[in-house]
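Inspection log for the structure reproduced underneath, given as structure tokens.
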Amino acid sequence: TQDAPGAHGAAKVLVASNRGPVSYEVRDDGSLHSRRGGGGVVSGLSAIGPDAGALWVCSALSDGDREAVRRGVGEDGVLMLDIPADVHADAYNGIANSVLWFVHHMLYQTPLEPVFDAEFRRRWASYEAYNRAFAEALAGQAAPGAAVLVQDYHLTLVPGMLRELRPDLRIGHFSHTPWAPPEYFRMLPDDIAEQVLRGMLGADRLGFLTRRWADAFEACCARFADGLGGTRIGVHGLGADADFLRERSHRADVTERMTALRDEIGSAPDGTPRRTIVRVDRTELSKNIVRGLLSYRQLLDDHPEWRERVVHVAFAYPSRQDLAVYRDYTAEVQRLADELNSQYGTPGWTPVVLHVKDDFARSLAAYRLADVALVNPIRDGMNLVAKEVPVVSDEGCALVLSREAGAHEELGEDAITVNPYDVVGTARALHEALSVRPEERAERSKRLAAAATALPPAQWFLDQLHALEEQPGPSA
Ligand code: G6P
């Protein structure tokens with residue numbers, strides 16, 4: 001490994017992402033309270049151990065986070081960047097979540113179409129500044145030859161910027177989203193599209209969740225850049241964490257919530273517990289929650305024999321509420337659930353049990369009670385819910401799964417596949433899922449769980465790290 005050109009830090013493995021592993025909240029008495037998040041990268045970093053010299057660079061997102069930075073409060077191994085709030089808002093809300101997220105998930109449709117005007121250019125400058133802040137922090141903290149793992153669409157420019165600042169580093173980037181095919185990606189202004197690809201291609205190695213997204217990226221590079229250059233591509237299909245889920249879902253807070261949920265769900269006229277169709281999502285346009293509700297309504301119309309005997313348990317947790325289109329979507333989900341309940345409900349039966357307050361223990365309780373899991377996104381990088389429910393469900397669940405979810409590449413064989421736009425077809429799939437014989441359902445669920453846990457989060461992370469470290473170095 002050649003020496004770094006300028007000043008360098010001591011970190012040997014660095015992760016960069018918008019959302020970090022910890023967040024802070026200011027309590028009424030002025031004290032700071034911290035909360036740790038989960039996910040694949042968290043498991044991966046704990047797997048490499050505390051002495052590996054790991055550093056996670058992330059954004060301060062909440063007022064509490066910014067206060068923590070100001071007070072110099074923090075955790076070992078985490079560096080929060082206090083990016084000016086307006087720059088962050090433009091980069092995160094204005095570009096990452098309302099342009100890049102929409103492009104990769106192909107969410108634009110009339111009348112919601114991109115307008116790449118002067119205001120967009122102004123926000124893009126913030127996106128660049130935001131990416132530069134990460135690149136500079138990483139350059140300052142990384143030891144010579146260190147491995148840097150940059151995460152997601154918020155930070156597509158970082159690999160290229162960092163390569164210029166620190167040619168000695170091993171740079172990886174991982175996309176947790178789909179990648180748009182060339183015909184859709186070309187919607188971006190040409191210079192911006194080029195900048196995104198060049199930024200990504202600054203990495204030694206790019207990771208994607210499925211072959212399909214990797215192929216789309218390669219196709220974009222073939223069309224709009226000079227191919228991949230020296231950058232290599234890897235596919236790493238993040239799996240569910242079986243050990244963690246099984247242990248966590250048997251704790252007392254989960255069993256308490258199962259009791260409460262069973263009460264809400266109630267019993268069919270013959271006294272047996274009602275069947276459940278469970279979904280758990282961020283209230284996110286790509287998750288297709290509204291068409292899920294429409295499909296459920298279609299099921300009740302086409303198969304009235306299920307009325308009073310089934311409940312749709314839908315947990316739709318708040319997400320990206322700074323964006324009007326997300327607020328509107330949240331309202332539409334709520335409105336449709338209310339409408340269904342008032343049109344179909346009876347004194348003893350609430351057809352849709354909708355909860356919107358994020359509660360992980362209650363999500364696990366719903367997983368355990370699930371007869372059917374409904375995962376019908378329009379487009380999704382992977383979708384871990386599809387992988388988690390079969391692992392956790394007590395009786396084994398039937399999985400109704402969109403062919404547009406990355407998880408479909410691994411789970412398609414034992415799931416009931418749907419076209420997410422086809423409401424009638426999804427209703428048919430729900431009926432089929434509710435009608436599978438218990439033994440067959442249990443067997444298929446077991447196979448789903450096995451496929452879902454093939455690549456646990458720690459291994460997923462280590463595979464990427466090792467592949468990056470083993471790749472011929474920049475000076476080779
Ligand atoms: C997706 C992205 C993540 C993001 C998450 C939650 O899974 O790939 O990078 O953190 O959504 O979205 P949020 O905007 O709340 O961070």
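Labeling convention for the structure tokens: chains A, B, ... as they appear, residues from 1 per chain, ligands from 1 in order of appearance.
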Spatial neighbours of segment 452-465 of chain A, max dist 7 Å, only C-alpha atoms, sep filter under 5 positions, as JSON, numbers by chain: {"A": [40, 41, 43, 44, 47, 236, 237, 238, 239, 240, 241, 242, 387]}
Selection within 10 Å of ligand 1 by only C-alpha atoms and all ligand atoms, output as a PyMOL selection string: chain A and resi 17-20+39+61+92-93+96-97+101+151-155+174-178+282+284+318-321+380-384
Would you save the residues from that selection as a compact mmCIF listing (two decimals), in the first residue's frame, using N, CA and C atoms?
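Okay, this is what ended up in out_5.txt:
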```
# COMPACT_ATOMS: atom_id res chain seq x y z
N SER A 17 -22.76 6.72 5.59
CA SER A 17 -24.16 6.66 5.20
C SER A 17 -24.86 7.89 5.74
N ASN A 18 -25.97 8.24 5.11
CA ASN A 18 -26.74 9.38 5.61
C ASN A 18 -27.23 9.11 7.03
N ARG A 19 -27.94 8.00 7.21
CA ARG A 19 -28.48 7.66 8.53
C ARG A 19 -27.48 6.77 9.25
N GLY A 20 -27.08 7.17 10.43
CA GLY A 20 -26.08 6.41 11.17
C GLY A 20 -26.70 5.41 12.13
N GLY A 39 -29.97 -3.20 11.60
CA GLY A 39 -29.69 -3.29 10.16
C GLY A 39 -28.38 -4.01 9.87
N LEU A 61 -29.08 14.16 11.95
CA LEU A 61 -30.37 14.28 11.26
C LEU A 61 -31.41 15.04 12.08
N TYR A 92 -30.90 15.86 0.96
CA TYR A 92 -31.63 14.66 1.40
C TYR A 92 -33.07 14.65 0.87
N ASN A 93 -33.82 15.71 1.18
CA ASN A 93 -35.21 15.75 0.71
C ASN A 93 -35.31 16.13 -0.76
N ALA A 96 -31.89 13.52 -2.99
CA ALA A 96 -31.82 12.06 -2.78
C ALA A 96 -33.21 11.43 -2.77
N ASN A 97 -34.11 11.96 -1.94
CA ASN A 97 -35.40 11.30 -1.77
C ASN A 97 -36.45 11.71 -2.79
N TRP A 101 -34.24 8.73 -5.56
CA TRP A 101 -35.13 7.64 -5.12
C TRP A 101 -36.22 7.40 -6.16
N GLN A 151 -22.48 3.98 1.52
CA GLN A 151 -23.81 3.38 1.38
C GLN A 151 -24.80 4.29 0.65
N ASP A 152 -25.36 3.75 -0.39
CA ASP A 152 -26.65 4.24 -0.94
C ASP A 152 -26.62 5.51 -1.80
N TYR A 153 -27.83 5.84 -2.27
CA TYR A 153 -28.04 6.89 -3.28
C TYR A 153 -27.82 8.29 -2.74
N HIS A 154 -27.77 8.44 -1.42
CA HIS A 154 -27.48 9.77 -0.88
C HIS A 154 -26.04 10.18 -1.22
N LEU A 155 -25.19 9.19 -1.37
CA LEU A 155 -23.75 9.44 -1.43
C LEU A 155 -23.11 8.90 -2.71
N PHE A 174 -22.21 0.58 -1.81
CA PHE A 174 -23.30 -0.39 -1.88
C PHE A 174 -24.63 0.31 -2.06
N SER A 175 -25.42 -0.16 -3.04
CA SER A 175 -26.75 0.40 -3.29
C SER A 175 -27.81 -0.48 -2.63
N HIS A 176 -28.59 0.11 -1.73
CA HIS A 176 -29.66 -0.63 -1.06
C HIS A 176 -30.97 -0.51 -1.83
N THR A 177 -30.94 0.21 -2.92
CA THR A 177 -32.13 0.43 -3.74
C THR A 177 -31.96 -0.33 -5.06
N PRO A 178 -33.01 -0.34 -5.87
CA PRO A 178 -32.81 -0.80 -7.25
C PRO A 178 -31.92 0.21 -7.98
N ARG A 282 -42.56 1.02 5.87
CA ARG A 282 -42.58 2.48 5.96
C ARG A 282 -43.71 2.94 5.05
N GLU A 284 -44.46 4.39 2.32
CA GLU A 284 -43.54 4.73 1.25
C GLU A 284 -44.24 4.40 -0.07
N PRO A 318 -44.56 6.06 9.76
CA PRO A 318 -44.26 7.36 9.12
C PRO A 318 -42.86 7.40 8.52
N SER A 319 -42.75 8.02 7.36
CA SER A 319 -41.47 8.12 6.69
C SER A 319 -41.43 9.40 5.88
N ARG A 320 -40.30 10.09 5.90
CA ARG A 320 -40.02 11.23 5.02
C ARG A 320 -41.18 12.23 4.96
N GLN A 321 -41.69 12.56 6.14
CA GLN A 321 -42.86 13.41 6.21
C GLN A 321 -42.59 14.87 5.83
N ASP A 380 -38.47 -2.56 -5.41
CA ASP A 380 -37.85 -2.54 -4.09
C ASP A 380 -36.47 -3.18 -4.19
N GLY A 381 -35.47 -2.55 -3.59
CA GLY A 381 -34.10 -3.07 -3.67
C GLY A 381 -34.07 -4.54 -3.26
N MET A 382 -34.58 -4.83 -2.08
CA MET A 382 -34.64 -6.21 -1.59
C MET A 382 -36.02 -6.48 -1.00
N ASN A 383 -36.35 -5.82 0.07
CA ASN A 383 -37.51 -5.98 0.96
C ASN A 383 -37.23 -7.06 1.99
N LEU A 384 -36.83 -6.61 3.18
CA LEU A 384 -36.49 -7.56 4.23
C LEU A 384 -37.70 -8.12 4.94
```
Those of segment 18-73 of chain A in DSSP helix (DSSP H, G or I), formatted as a count of residues only: 18
Contact residues around Asp322 of chain A with only C-alpha atoms at 10 Å, ignoring same-chain residues under 4 positions, as a PyMOL selection string: chain A and resi 89+93-94+326-327
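Note that the spacing between atom CA of Ala252 of chain A and atom CA of Ala386 of chain A amounts to 24.0 Å.
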DSSP-assigned strand (DSSP E or B) members of segment 388-429 of chain A, reported as a ChimeraX atom specification: /A:398-402,405,416-418
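Among the candidates A:Arg123, A:His173, A:His312, A:Arg186, the residue lying nearest to Cys220 of chain A is A:Arg186 (atoms considered: only C-alpha atoms).
Using only C-alpha atoms for every distance, the candidate list A:Asp328, A:Ile277, A:Pro304, A:Asp338 yields A:Ile277 as the residue closest to Val400 of chain A.
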Selected residue of minimal separation from Gly49 of chain A among A:Val22, A:Gly77, A:Gly227, A:His104, counting only C-alpha atoms: A:Gly77
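Minimum atom-to-atom distances from A:Met106, A:Leu197, A:Ile265, A:Leu169 to Trp349 of chain A were compared using only C-alpha atoms, and the lowest value belongs to A:Ile265.
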